[in-house]
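Presented below is the structure to which this report refers.
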Amino acid sequence: MQHLIVATRNAHKTREIQRILGADFAVRDLSAYPEIPEAAESGKTFGENAVLKATAASSQLPGRVVADDSGLEVDALGGAPGIYSARYAGQNATNKQNIDKLLAELARVERAKRSARFRCVIALAHGGKLLATFEGVVEGVIVDPPRGRGGFGYDPIFVPQEFEQTFGELPAEVKNRISHRARAIRLFAARLVALKPSD
Ligand code: IMP
């Protein structure tokens, strides 16, 4: 059994990472460590933010720590909301407020031009030092109105390429096989084999 701490308090991310990694891993997140603050996401890219979160948490925790920074890039909006996905409609915005804002911005964009992708960067750190980063992307399109109650965030408006249902409608097993997070986490898991047990 491998132990891993995810530097997040987003229970959806933690659950997805646990399911993607499977039963060989015991995954915990910062909800088990209320005294540790979440690092400010002051970077300009997903990679910078993932590294900030992983190194800050791992300087205060034993063992390997990973952080996920992720979001949605919509081509017709020049890549927005991107790193601002969680706070697109403002600090503490709900998923619905973020989705409503995105669909309002896209109102005049024809269907054929609604291409988008989810991007996820996973940073792995130990003792405050960065060991590696891994990136995963899933391409798709934005649909309106939202469909499905599964997943989280922008899942109800994102249809991955080669599917007709949104991430909110698809079974969790499907999302966890093809998602940006699944791709980044699988690269990470493959790399763990090459790391020393002490890392
Ligand atoms: P972070 O916590 O700064 O990485 O913010 C990630 C934000 O991107 C989330 O709050 C969601 O709005 C969005 N996001 C990231 N991954 C997903 C996903 O798998 N489905 C839907 N939305 C996602």
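Following the order of the structure tokens, chains are lettered A, B, ..., residues in each are numbered from 1, and ligands are numbered from 1.
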
Quick one: pick out all strand (DSSP E) residues within chain A from a backbone DSSP run and write them as JSON, numbers by chain.
{"A": [2, 3, 4, 5, 6, 25, 26, 27, 28, 29, 64, 65, 66, 67, 68, 69, 70, 71, 72, 73, 74, 115, 116, 117, 118, 119, 120, 121, 122, 123, 124, 125, 126, 129, 130, 131, 132, 133, 134, 135, 136, 137, 138, 139, 140, 141, 142, 158, 159, 160]}

Please write out the residues within 9 Å of ligand 1 as a PyMOL selection string, counting only C-alpha atoms and all ligand atoms.
chain A and resi 8-10+12-13+16+41+46+49-50+67-72+81-88+94-95+98-99+118-121+151-158+167-168+175-176+179-181

Choose the residue, out of A:Ala104, A:Leu131, A:Ala39, A:Ala56, that has the smallest atom-to-atom separation from Arg191 in chain A; count only C-alpha atoms.
A:Leu131

Neighbour list for range 125-130 of chain A as a VMD selection string, cut-off 12 Å, only C-alpha atoms, skip fewer than 2 positions in-chain:
chain A and resid 4 to 7 47 to 48 50 to 68 122 to 123 132 to 134 188 192 195 to 199

With N, CA, C and O atoms kept, could you save the residues just selected as a CSV table (one decimal), in the first residue's frame?
chain,number,residue,atom,x,y,z
A,4,LEU,N,-0.3,8.6,0.2
A,4,LEU,CA,-0.2,9.8,-0.6
A,4,LEU,C,-1.1,10.9,0.0
A,4,LEU,O,-2.3,10.6,0.3
A,5,ILE,N,-0.6,12.1,0.1
A,5,ILE,CA,-1.4,13.2,0.6
A,5,ILE,C,-1.6,14.1,-0.6
A,5,ILE,O,-0.7,14.5,-1.3
A,6,VAL,N,-2.9,14.5,-0.8
A,6,VAL,CA,-3.2,15.5,-1.9
A,6,VAL,C,-3.4,16.8,-1.2
A,6,VAL,O,-4.2,17.0,-0.3
A,7,ALA,N,-2.7,17.9,-1.7
A,7,ALA,CA,-2.8,19.2,-1.1
A,7,ALA,C,-4.0,19.9,-1.6
A,7,ALA,O,-3.9,20.9,-2.4
A,47,GLY,N,0.9,24.8,-14.0
A,47,GLY,CA,2.1,24.2,-13.5
A,47,GLY,C,2.6,25.0,-12.3
A,47,GLY,O,2.9,24.4,-11.3
A,48,GLU,N,2.7,26.3,-12.4
A,48,GLU,CA,3.2,27.2,-11.3
A,48,GLU,C,2.4,27.0,-10.1
A,48,GLU,O,2.9,26.9,-9.0
A,50,ALA,N,0.4,24.4,-9.3
A,50,ALA,CA,0.5,23.1,-8.8
A,50,ALA,C,1.8,23.0,-7.9
A,50,ALA,O,1.8,22.4,-6.8
A,51,VAL,N,2.9,23.5,-8.5
A,51,VAL,CA,4.1,23.5,-7.7
A,51,VAL,C,4.1,24.2,-6.4
A,51,VAL,O,4.5,23.8,-5.4
A,52,LEU,N,3.4,25.4,-6.4
A,52,LEU,CA,3.3,26.2,-5.2
A,52,LEU,C,2.6,25.4,-4.1
A,52,LEU,O,3.0,25.4,-3.0
A,53,LYS,N,1.5,24.8,-4.6
A,53,LYS,CA,0.6,24.1,-3.6
A,53,LYS,C,1.3,22.8,-3.1
A,53,LYS,O,1.3,22.5,-1.9
A,54,ALA,N,2.0,22.1,-4.0
A,54,ALA,CA,2.6,20.8,-3.5
A,54,ALA,C,3.8,21.1,-2.6
A,54,ALA,O,4.0,20.5,-1.6
A,55,THR,N,4.7,22.1,-3.0
A,55,THR,CA,5.9,22.3,-2.2
A,55,THR,C,5.5,22.9,-0.8
A,55,THR,O,6.1,22.6,0.2
A,56,ALA,N,4.6,23.9,-0.8
A,56,ALA,CA,4.2,24.5,0.5
A,56,ALA,C,3.6,23.4,1.4
A,56,ALA,O,4.1,23.3,2.6
A,57,ALA,N,2.7,22.5,1.0
A,57,ALA,CA,2.2,21.5,1.9
A,57,ALA,C,3.2,20.5,2.3
A,57,ALA,O,3.3,20.1,3.4
A,58,SER,N,4.1,20.1,1.3
A,58,SER,CA,5.0,19.1,1.6
A,58,SER,C,6.1,19.5,2.6
A,58,SER,O,6.8,18.7,3.2
A,59,SER,N,6.3,20.9,2.7
A,59,SER,CA,7.3,21.4,3.7
A,59,SER,C,6.8,21.2,5.1
A,59,SER,O,7.6,21.3,6.1
A,60,GLN,N,5.5,21.0,5.2
A,60,GLN,CA,4.9,20.8,6.6
A,60,GLN,C,4.4,19.4,6.9
A,60,GLN,O,3.8,19.2,7.9
A,61,LEU,N,4.5,18.5,5.9
A,61,LEU,CA,4.0,17.2,6.1
A,61,LEU,C,5.0,16.1,5.7
A,61,LEU,O,5.9,16.3,4.9
A,62,PRO,N,4.8,14.9,6.4
A,62,PRO,CA,5.8,13.8,6.0
A,62,PRO,C,5.4,13.2,4.7
A,62,PRO,O,4.2,13.2,4.3
A,63,GLY,N,6.3,12.6,4.0
A,63,GLY,CA,6.0,11.7,2.9
A,63,GLY,C,5.7,12.5,1.6
A,63,GLY,O,6.0,13.7,1.5
A,64,ARG,N,5.2,11.8,0.6
A,64,ARG,CA,5.0,12.4,-0.7
A,64,ARG,C,3.7,13.2,-0.7
A,64,ARG,O,2.7,12.7,-0.2
A,65,VAL,N,3.7,14.3,-1.3
A,65,VAL,CA,2.5,15.2,-1.4
A,65,VAL,C,2.3,15.5,-2.9
A,65,VAL,O,3.3,15.9,-3.6
A,66,VAL,N,1.1,15.4,-3.4
A,66,VAL,CA,0.8,15.9,-4.7
A,66,VAL,C,-0.2,17.0,-4.6
A,66,VAL,O,-1.0,17.1,-3.7
A,67,ALA,N,-0.1,17.9,-5.6
A,67,ALA,CA,-1.2,18.9,-5.8
A,67,ALA,C,-1.7,18.9,-7.2
A,67,ALA,O,-0.9,18.7,-8.1
A,68,ASP,N,-2.9,19.2,-7.4
A,68,ASP,CA,-3.6,19.2,-8.7
A,68,ASP,C,-4.0,20.7,-8.9
A,68,ASP,O,-4.6,21.3,-8.1
A,122,ILE,N,-0.3,17.9,-12.3
A,122,ILE,CA,-0.1,17.3,-11.0
A,122,ILE,C,1.4,17.6,-10.6
A,122,ILE,O,2.3,17.2,-11.4
A,123,ALA,N,1.6,18.2,-9.5
A,123,ALA,CA,3.0,18.3,-9.0
A,123,ALA,C,3.3,17.4,-7.8
A,123,ALA,O,2.4,17.3,-6.9
A,132,ALA,N,8.6,16.3,-9.5
A,132,ALA,CA,8.2,16.2,-10.9
A,132,ALA,C,6.9,16.8,-11.1
A,132,ALA,O,6.1,17.0,-10.1
A,133,THR,N,6.5,17.1,-12.3
A,133,THR,CA,5.2,17.5,-12.7
A,133,THR,C,4.7,16.6,-13.8
A,133,THR,O,5.5,16.1,-14.6
A,134,PHE,N,3.4,16.5,-13.9
A,134,PHE,CA,2.7,15.7,-15.0
A,134,PHE,C,1.5,16.4,-15.5
A,134,PHE,O,0.8,16.9,-14.7
A,188,PHE,N,1.8,10.1,-13.4
A,188,PHE,CA,2.5,10.2,-12.1
A,188,PHE,C,2.7,8.8,-11.5
A,188,PHE,O,3.7,8.5,-11.0
A,192,LEU,N,6.2,6.8,-10.3
A,192,LEU,CA,6.4,6.5,-9.0
A,192,LEU,C,7.3,5.2,-8.9
A,192,LEU,O,8.1,5.1,-8.0
A,195,LEU,N,10.9,6.1,-8.8
A,195,LEU,CA,11.4,6.9,-7.7
A,195,LEU,C,11.9,6.1,-6.5
A,195,LEU,O,11.3,5.0,-6.3
A,196,LYS,N,12.8,6.6,-5.8
A,196,LYS,CA,13.3,5.8,-4.6
A,196,LYS,C,12.2,5.8,-3.5
A,196,LYS,O,11.4,6.7,-3.4
A,197,PRO,N,12.1,4.8,-2.7
A,197,PRO,CA,11.1,4.7,-1.7
A,197,PRO,C,11.1,5.9,-0.8
A,197,PRO,O,10.1,6.3,-0.2
A,198,SER,N,12.3,6.5,-0.6
A,198,SER,CA,12.4,7.6,0.4
A,198,SER,C,11.8,8.9,-0.3
A,198,SER,O,11.6,9.9,0.4
A,199,ASP,N,11.6,9.0,-1.6
A,199,ASP,CA,11.2,10.2,-2.2
A,199,ASP,C,9.7,10.4,-2.0
A,199,ASP,O,9.0,9.5,-1.8

Please return as a PyMOL selection string: the residues of range 6-195 of chain A that backbone DSSP assigns to helix (DSSP H, G or I).
chain A and resi 11-21+30-32+46-58+75-77+82-87+95-105+111-113+155-157+172-178+180-192

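Using only C-alpha atoms, the contacts of Val159 in chain A at a cut-off of 6 Å, with sequence neighbours closer than 5 positions omitted, comprise Gly140, Val141, Gln165 and Thr166 of chain A.
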
Taking only residues of range 4-85 of chain A that have an atom at most 12 Å from an atom of range 105-109 of chain A, what is each one's shortest atom pair and its distance in Å to one decimal, using only C-alpha atoms, in chain and number order, as CSV?
residue,atom,partner,partner_atom,distance
A:Val74,CA,A:Leu106,CA,9.3
A:Asp75,CA,A:Leu106,CA,10.4
A:Ala76,CA,A:Val109,CA,7.4
A:Leu77,CA,A:Leu106,CA,7.9
A:Gly78,CA,A:Glu105,CA,11.6
A:Ala80,CA,A:Glu105,CA,10.2
A:Pro81,CA,A:Glu105,CA,10.7

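The residue that comes closest to Ile178 in chain A, out of A:Asp100, A:Ile20, A:Ala93, A:Thr14 and on the basis of only C-alpha atoms, is A:Ile20.
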
Selection: 10 Å around Gly79 in chain A, only C-alpha atoms, excl. self and same-chain fewer than 6 positions, as a ChimeraX atom specification:
/A:72-73,116-117

Since we have the selection now, will you write its residues out, keeping all heavy atoms, as a JSON list (two decimals), in the first residue's frame?
[["chain", "number", "residue", "atom", "x", "y", "z"],
["A", 72, "LEU", "N", -10.57, 24.77, -17.05],
["A", 72, "LEU", "CA", -11.17, 24.66, -18.36],
["A", 72, "LEU", "C", -10.64, 25.79, -19.26],
["A", 72, "LEU", "O", -10.63, 26.95, -18.83],
["A", 72, "LEU", "CB", -12.70, 24.79, -18.20],
["A", 72, "LEU", "CG", -13.55, 24.69, -19.46],
["A", 72, "LEU", "CD1", -13.48, 23.28, -20.05],
["A", 72, "LEU", "CD2", -15.00, 25.03, -19.12],
["A", 73, "GLU", "N", -10.24, 25.44, -20.48],
["A", 73, "GLU", "CA", -9.77, 26.45, -21.45],
["A", 73, "GLU", "C", -10.74, 26.46, -22.63],
["A", 73, "GLU", "O", -10.88, 25.43, -23.31],
["A", 73, "GLU", "CB", -8.38, 26.09, -21.96],
["A", 73, "GLU", "CG", -7.32, 26.04, -20.88],
["A", 73, "GLU", "CD", -5.98, 25.50, -21.37],
["A", 73, "GLU", "OE1", -5.91, 24.96, -22.50],
["A", 73, "GLU", "OE2", -5.00, 25.58, -20.61],
["A", 116, "ALA", "N", -13.13, 23.29, -26.50],
["A", 116, "ALA", "CA", -12.54, 23.57, -25.18],
["A", 116, "ALA", "C", -11.75, 22.36, -24.72],
["A", 116, "ALA", "O", -11.82, 21.30, -25.35],
["A", 116, "ALA", "CB", -13.65, 23.87, -24.17],
["A", 117, "ARG", "N", -11.00, 22.54, -23.66],
["A", 117, "ARG", "CA", -10.29, 21.40, -23.06],
["A", 117, "ARG", "C", -10.14, 21.63, -21.56],
["A", 117, "ARG", "O", -10.06, 22.77, -21.10],
["A", 117, "ARG", "CB", -8.90, 21.19, -23.68],
["A", 117, "ARG", "CG", -7.87, 22.24, -23.36],
["A", 117, "ARG", "CD", -6.74, 22.26, -24.35],
["A", 117, "ARG", "NE", -7.25, 22.39, -25.71],
["A", 117, "ARG", "CZ", -7.74, 23.52, -26.22],
["A", 117, "ARG", "NH1", -7.82, 24.63, -25.49],
["A", 117, "ARG", "NH2", -8.19, 23.56, -27.45]]

From the list A:Val174, A:Leu30, A:Val137, A:Ile17, which residue is nearest Ala189 in chain A when using only C-alpha atoms?
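That would be A:Ile17, the residue with the smallest distance to Ala189 in chain A.
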
Length of the CA of Glu135 in chain A to CA of Arg183 in chain A vector [Å]
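Calculated distance between CA of Glu135 in chain A and CA of Arg183 in chain A is 7.3 Å.
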